[in-house]
file query21.txt (compact mmCIF, C-alpha atoms)
# COMPACT_ATOMS: atom_id res chain seq x y z
CA ILE A 1 83.26 69.14 103.71
CA ARG A 2 81.38 70.23 100.57
CA ASN A 3 78.69 71.82 102.70
CA GLN A 4 81.24 73.78 104.74
CA HIS A 5 83.11 74.80 101.59
CA GLY A 6 79.83 76.07 100.15
CA LYS A 7 79.33 78.16 103.27
CA VAL A 8 82.82 79.62 102.90
CA MET A 9 82.20 80.54 99.25
CA ASN A 10 78.86 82.16 100.11
CA ALA A 11 80.46 84.15 102.93
CA LEU A 12 83.20 85.39 100.61
CA ALA A 13 80.67 86.42 97.98
CA ASP A 14 78.54 88.14 100.60
CA SER A 15 81.53 90.08 101.95
CA LEU A 16 81.78 92.27 98.85
CA THR A 17 78.08 93.08 99.01
CA ALA A 18 78.45 93.92 102.71
CA ALA A 19 81.46 96.13 101.94
CA ILE A 20 79.47 98.02 99.29
CA ASN A 21 76.58 98.48 101.71
CA ALA A 22 78.96 99.70 104.44
CA GLY A 23 80.44 102.13 101.92
CA LYS A 24 76.99 103.54 101.14
CA GLU A 25 76.37 104.10 104.84
CA LEU A 26 79.79 105.71 105.26
CA ILE A 27 79.09 108.08 102.35
CA GLU A 28 75.85 109.17 104.03
CA ALA A 29 77.53 109.49 107.43
CA LYS A 30 80.33 111.63 106.00
CA LYS A 31 77.75 114.18 104.87
CA ALA A 32 76.61 114.59 108.49
CA VAL A 33 80.04 114.67 110.18
CA LYS A 34 81.65 118.05 110.75
CA HIS A 35 84.60 118.84 108.51
CA GLY A 36 87.84 117.76 110.16
CA LEU A 37 86.24 115.13 112.39
CA TRP A 38 85.86 112.35 109.81
CA LYS A 39 88.99 110.39 110.76
CA GLU A 40 87.98 110.34 114.43
CA TYR A 41 84.40 109.40 113.56
CA VAL A 42 85.53 106.47 111.43
CA GLY A 43 87.90 105.17 114.12
CA ILE A 44 85.76 105.72 117.19
CA GLU A 45 82.18 105.35 115.98
CA CYS A 46 82.72 102.81 113.20
CA GLY A 47 85.71 100.89 114.55
CA LEU A 48 87.43 101.07 111.16
CA SER A 49 90.73 102.30 109.88
CA LEU A 50 90.50 105.24 107.52
CA SER A 51 91.88 103.13 104.66
CA THR A 52 89.19 100.47 105.17
CA ALA A 53 86.50 103.16 105.18
CA LYS A 54 87.93 104.65 101.98
CA ASN A 55 87.96 101.24 100.32
CA TYR A 56 84.34 100.58 101.29
CA MET A 57 83.31 104.00 99.98
CA ARG A 58 85.19 103.46 96.74
CA LEU A 59 83.45 100.13 96.21
CA ALA A 60 80.08 101.76 96.89
CA LYS A 61 80.76 104.63 94.48
CA HIS A 62 81.57 102.14 91.74
CA GLU A 63 78.83 99.61 92.49
CA ALA A 64 77.33 99.99 89.02
CA GLN A 65 80.69 99.24 87.43
CA LEU A 66 81.09 96.13 89.60
CA ALA A 67 77.52 94.83 89.20
CA PRO A 68 78.12 92.94 85.93
CA LEU A 69 81.18 91.28 87.42
CA LEU A 70 79.30 90.29 90.54
CA SER A 71 76.49 88.65 88.62
CA GLU A 72 78.93 87.01 86.17
CA LYS A 73 80.99 85.60 89.03
CA SER A 74 77.97 84.32 90.92
CA GLN A 75 76.76 82.48 87.81
CA ARG A 76 80.11 80.71 87.59
CA SER A 77 79.90 79.83 91.32
CA GLY A 78 82.98 81.93 91.96
CA PHE A 79 83.22 85.21 93.80
CA LEU A 80 84.69 88.64 93.40
CA SER A 81 86.64 89.53 96.54
CA GLN A 82 87.00 93.05 97.85
CA ASN A 83 90.66 93.09 96.80
CA ALA A 84 89.82 91.81 93.33
CA ALA A 85 87.15 94.49 92.98
CA LEU A 86 89.55 97.23 94.09
CA ASN A 87 92.22 95.93 91.70
CA PHE A 88 89.67 95.93 88.89
CA LEU A 89 88.75 99.54 89.65
CA SER A 90 92.45 100.53 89.71
CA GLY A 91 92.93 98.92 86.31
CA GLU A 92 89.92 100.77 84.94
CA ARG A 93 91.29 104.07 86.28
CA LYS A 94 94.66 103.41 84.59
CA LYS A 95 92.89 102.66 81.29
CA ARG A 96 90.98 105.97 81.50
CA ARG A 97 94.20 107.89 82.21
CA LYS A 98 95.94 106.33 79.20
CA THR A 99 92.97 107.14 76.99
CA LYS A 100 92.96 110.78 78.15
CA ALA A 101 96.71 111.09 77.63
CA LYS A 102 96.43 110.11 73.96

call {"tool": "encode", "arguments": {"input": "query21.txt", "output": "structure tokens"}}
result
Amino acid sequence: IRNQHGKVMNALADSLTAAINAGKELIEAKKAVKHGLWKEYVGIECGLSLSTAKNYMRLAKHEAQLAPLLSEKSQRSGFLSQNAALNFLSGERKKRRKTKAK
């Protein structure tokens, strides 16, 4: 049971890294896709919803911001899920907006 649980935890931790890598590839692909065809490309060629693609790209764009959290979490044998990472980025965006408003 411990062994299988360890595999689950590793898979969860690896999923965020995979999402960031997918986001990097999507960012590169978007540069090559004709304007107006992105939604179709994502659905047909990638097999993703547009919202999933956007999330992956957002994670990739903010990889540097997430890196300290990823290494901190891995040292504590926890993991940072994709949703937790996106929530963290949303919180950071809200903080920046409040700071600008002052």

call {"tool": "atom_distance", "arguments": {"input": "query21.txt", "atom1": "CA of Ala60 (chain A)", "atom2": "CA of Ile20 (chain A)"}}
result
4.5 Å

call {"tool": "closest_residue", "arguments": {"input": "query21.txt", "among": "A:Lys94, A:Lys34, A:His62, A:Lys7", "to": "Asn21 (chain A)", "atoms": "only C-alpha atoms"}}
result
A:His62

call {"tool": "closest_residue", "arguments": {"input": "query21.txt", "among": "A:Val42, A:Leu89, A:Ser81, A:Val33", "to": "Asp14 (chain A)", "atoms": "all atoms listed in the file"}}
result
A:Ser81

call {"tool": "atom_distance", "arguments": {"input": "query21.txt", "atom1": "CA of Thr17 (chain A)", "atom2": "CA of Gln82 (chain A)"}}
result
9.0 Å

call {"tool": "atom_distance", "arguments": {"input": "query21.txt", "atom1": "CA of Gly43 (chain A)", "atom2": "CA of Ile27 (chain A)"}}
result
15.0 Å

call {"tool": "closest_residue", "arguments": {"input": "query21.txt", "among": "A:Leu16, A:Leu59, A:Ala53, A:Leu70", "to": "Ala29 (chain A)", "atoms": "all atoms listed in the file"}}
result
A:Ala53

call {"tool": "closest_residue", "arguments": {"input": "query21.txt", "among": "A:Leu26, A:Tyr56, A:Ala85, A:Gln4", "to": "Pro68 (chain A)", "atoms": "only C-alpha atoms"}}
result
A:Ala85

call {"tool": "closest_residue", "arguments": {"input": "query21.txt", "among": "A:Phe88, A:His5, A:Lys24, A:Asn10", "to": "Lys54 (chain A)", "atoms": "all atoms listed in the file"}}
result
A:Lys24

call {"tool": "closest_residue", "arguments": {"input": "query21.txt", "among": "A:Arg2, A:Leu48, A:Arg93, A:Ala18", "to": "Gln65 (chain A)", "atoms": "only C-alpha atoms"}}
result
A:Arg93
